[in-house]
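Notes to accompany the following structure.
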There are 4 protein chains.
Amino acid sequence: MLGDEPPSAGRLEAFSDGVIAIILTIMVLELKTPASANYEALAHEWPIFISYIVSFFYIAVYWINHHHLFHRVKHVDLPILWANVALLFFLSLIPFFTEWVESTRLSPFPTAVYAAAMMVAGTAFFVLDRVIARQAISEEEWVLLRRAAQRKNLISIGIYAVAIPVAFYRAPLSLALIFLVALLYAVPSLWVERWADKLENEEAHRAPHEELHEPYTGPADR
Amino acid sequence: MLGDEPPSAGRLEAFSDGVIAIILTIMVLELKTPASANYEALAHEWPIFISYIVSFFYIAVYWINHHHLFHRVKHVDLPILWANVALLFFLSLIPFFTEWVESTRLSPFPTAVYAAAMMVAGTAFFVLDRVIARQAISEEEWVLLRRAAQRKNLISIGIYAVAIPVAFYRAPLSLALIFLVALLYAVPSLWVERWADKLENEEAHRAPHEELHEPYTGPADR
Amino acid sequence: MLGDEPPSAGRLEAFSDGVIAIILTIMVLELKTPASANYEALAHEWPIFISYIVSFFYIAVYWINHHHLFHRVKHVDLPILWANVALLFFLSLIPFFTEWVESTRLSPFPTAVYAAAMMVAGTAFFVLDRVIARQAISEEEWVLLRRAAQRKNLISIGIYAVAIPVAFYRAPLSLALIFLVALLYAVPSLWVERWADKLENEEAHRAPHEELHEPYTGPADR
Amino acid sequence: MLGDEPPSAGRLEAFSDGVIAIILTIMVLELKTPASANYEALAHEWPIFISYIVSFFYIAVYWINHHHLFHRVKHVDLPILWANVALLFFLSLIPFFTEWVESTRLSPFPTAVYAAAMMVAGTAFFVLDRVIARQAISEEEWVLLRRAAQRKNLISIGIYAVAIPVAFYRAPLSLALIFLVALLYAVPSLWVERWADKLENEEAHRAPHEELHEPYTGPADR
């Protein structure tokens with residue numbers, strides 16, 4: 001009633017782009033420079049570089065996937081607006097947890113919290129995906145595409161969940177798992193994709209009448 | 001005479017968007033990471049997360065509402081230009097006062113100053129709204145819409161004013177009041193909206209000849 | 001020869017806008033929060049707020065005037081490109097000198113350096129203005145407009161030059177002079193404008209054949 | 001298969017612009033203000049200003065050249081997308097290594113690492129250039145232009161490589177070499193350009209059937 005229609009999809013995307021670009025870049029400010037001017041001091045900072053690389057690629061991957069998501073947005077409504085703010089909020093915490101991991105030199109608990117933060121951000125992305133999906137539910141093509149994408153999302157969240165307890169066992173392995181997720185998104189031709197396709201095909205044969213396949217039964221309504 | 005016509009509305013809005021995106025994101029740089037690598041150290045930082053959440057949503061809400069405001073701007077004149085700079089100035093202080101609240105662990109005086117800073121920013125927004133309203137004063141539809149919006153503005157400023165003394169009594173309650181305002185903007189269907197509508201309707205019956213209703217007496221002049 | 005044509009005016013302006021928005025906003029990160037949670041600690045930080053206000057409005061004024069300048073750019077050539085980079089470079093140092101003034105509580109020497117930095121940035125702006133002016137030299141209207149603008153520029157640089165020695169006498173007075181320049185740009189109807197107009201008219205009568213008036217002697221060549 | 005088509009060239013360029021603008025500007029946050037309020041304290045910080053100037057112009061030059069590169073991009077594919085992320089990643093480390101050089105007052109090892117970081121970023125740029133070149137390989141004009149540009153690239157990487165051992169001998173000389181590269185890009189009419197042209201002409205006469213000249217033998221295929 002207030003005429004407070006949300007911003008356009010283009011403007012929300014540009015704003016999100018700006019926030020993500022800043023998150024990506026300010027992380028370098030958290031890096032403490034080595035105390036002395038020799039190789040040993042630099043080599044001693046290896047945990048910095050590991051977590052910086054993981055966080056940088058993690059956020060770069062979010063930028064790219066955020067873009068894919070917003071391609072489908074027809075108009076921004078309140079749920080999309082606030083699911084997007086929630087995603088930006090959780091992403092904005094990544095530099096904080098990255099710095100904690102760095103300053104504690106990959107200690108188990110901070111690394112577990114770091115993995116948990118990434119799981120929460122992944123879940124926020126999943127929620128945003130679902131909220132946006134409501135607008136495109138009748139478009140056959142998108143349903144299939146997003147179905148695979150959402151499965152990939154869920155697999156990522158699962159890997160993050162596994163990375164949490166693993167941090168207590170071996171922190172670098174936990175970071176490697178998180179990096180693996182970024183890789184799966186960065187290089188779509190890796191195995192998980194094919195595996196997801198295969199699973200999807202099997203499922204399509206097994207359950208032809210499932211809810212998500214409804215669009216198949218008739219022409220798209222727009 | 002100098003040909004120094006102000007920038008276009010689109011460019012001023014893009015610049016403001018940039019500034020707000022940066023304010024929103026750099027706050028995370030103010031967060032001090034916990035000193036040790038365990039759960040107690042993280043839990044000890046709860047005041048950080050409370051004030052970070054409040055500030056983040058507060059600024060996100062400003063971004064969205066700033067956009068609504070600029071929808072109505074026909075051309076940027078000097079009062080709009082400088083009322084906007086003033087708003088950005090007060091918003092730019094939010095990370096500073098947020099950090100003070102965090103580093104003093106929600107002490108009464110910093111929390112009161114924080115609430116006062118938010119009241120000043122709210123007042124700057126109200127002034128910007130009024131300055132922009134001059135350009136649209138004859139458009140019947142906008143008058144009604146902005147009337148409700150300005151009442152909402154005033155209610156917000158009132159809640160901030162209440163949050164100032166409350167900080168001396170219970171700082172978290174003060175932050176809760178500020179968060180409440182953000183919620184009222186984030187979820188327009190909350191009670192305050194209906195209540196404002198009801199008030200407005202009553203008032204419309206009581207005072208049909210009031211200044212703001214003038215546009216009703218004839219067709220809009222553009 | 002290398003095909004390395006400079007970026008378009010629109011893109012250079014957008015990039016400059018981004019850099020200026022970041023400079024404007026990150027200054028708040030330099031502000032040290034008061035050490036204790038009471039009024040005295042906050043009041044003790046008054047030098048922070050004075051220099052922050054001055055720097056904020058100074059940079060906001062540059063943003064607005066940078067926009068005016070780029071309105072006239074027909075195509076970006078190498079001199080414009082690098083005069084612009086030089087301006088951004090000197091503006092980027094403002095947060096550094098602002099912080100020095102703040103941390104030394106308005107000591108004479110840092111304040112003088114701060115005023116000198118603003119004079120250098122003002123000179124870089126003047127150079128950029130002259131470099132851009134070459135492209136518009138034959139347009140009668142712009143010549144008059146920019147003539148007044150450049151006189152204003154020179155007056156500003158003069159005020160900054162005065163502010164340098166004044167800093168050794170009274171630092172707050174030096175900051176007040178710098179703030180005065182920002183005010184003169186922010187409120188074009190202040191006396192200096194009328195005075196500049198009057199001077200210009202007198203001069204136009206005295207020296208009708210001066211170089212800058214050449215466009216008057218014939219129609220604009222485009 | 002997933003419909004995860006990469007972002008458009010315009011959007012990728014805008015995002016890269018944002019990241020580069022932030023990198024350029026946040027470096028000032030790394031500058032430590034002098035400890036006392038006098039000339040000696042400021043003069044003592046000369047290493048700060050030297051490395052700041054070098055890094056600022058280095059990144060400004062990257063912004064300009066990144067733009068030239070993206071002019072040729074027809075559509076963003078995965079190799080371009082990730083070569084670009086890699087370039088942004090290495091550029092994002094420049095503020096970190098700049099700060100290390102500053103805080104160690106141009107010590108040999110940090111300066112050598114700084115030069116090495118710039119060589120790696122230069123190599124990432126070269127890779128991005130090659131990856132983009134695949135899309136334009138059949139366009140006669142671009143082949144010639146990019147041939148000279150890539151030779152310039154390789155010369156830059158060579159100068160960076162020389163700057164690494166030089167840092168152990170004389171750190172300021174190492175920075176001077178890096179600054180020289182920025183200058184060569186900033187002022188295209190410097191000798192290296194002509195020298196490269198001359199080399200290219202000679203080579204064109206010597207080796208008329210070389211691979212890169214293939215487009216000459218027939219009309220462009222698009």
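Following the order of the structure tokens, first chain is A, next is B, and so on, with residues numbered from 1 inside each chain and ligands from 1 in the order they appear.
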
- Query: Near stretch 124-135 of chain D, within 12 Å and counting only C-alpha atoms, which residues show up once chain neighbours fewer than 5 positions away are dropped, as an NGL selection string?
  - Reply: :D and (9 or 61-63 or 65-91 or 117-119 or 140 or 142-147 or 149-157 or 212 or 221-222)

- Message: If the cut-off is 6 Å, can you tell me the residues of chain D near chain A, counting only C-alpha atoms? I'd like them as a VMD selection string.
- Response: chain D and resid 2 19 100 109 to 110

Give me a file of those residues, with N, CA, C and O atoms, as a compact mmCIF listing (two decimals), in the first residue's frame.
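Contents of the output file selection00.txt:
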```
# COMPACT_ATOMS: atom_id res chain seq x y z
N LEU D 2 24.42 -27.10 -17.53
CA LEU D 2 23.68 -26.55 -16.41
C LEU D 2 23.08 -25.18 -16.70
O LEU D 2 22.44 -24.60 -15.85
N VAL D 19 36.45 -3.98 -8.64
CA VAL D 19 37.51 -4.60 -7.84
C VAL D 19 38.81 -3.78 -7.95
O VAL D 19 39.48 -3.50 -6.95
N TRP D 100 54.09 -4.57 3.00
CA TRP D 100 55.28 -5.24 3.55
C TRP D 100 56.54 -4.45 3.18
O TRP D 100 57.42 -4.24 4.02
N PHE D 109 64.58 -8.42 0.67
CA PHE D 109 63.72 -9.56 0.37
C PHE D 109 62.28 -9.15 0.08
O PHE D 109 61.71 -9.58 -0.94
N PRO D 110 61.63 -8.33 0.93
CA PRO D 110 60.26 -7.91 0.59
C PRO D 110 60.17 -7.21 -0.76
O PRO D 110 59.20 -7.41 -1.50
```

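For the atom pair formed by atom CA of A:Ile59 and atom CA of A:Val166, the distance is 21.7 Å, given to one decimal.
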
- Task: DSSP on the backbone, then: every residue of stretch 27-172 of chain A marked helix (DSSP H, G or I), written as a ChimeraX atom specification.
- Result: /A:27-30,39-43,46-71,78-92,94-103,108-136,140-169,171-172
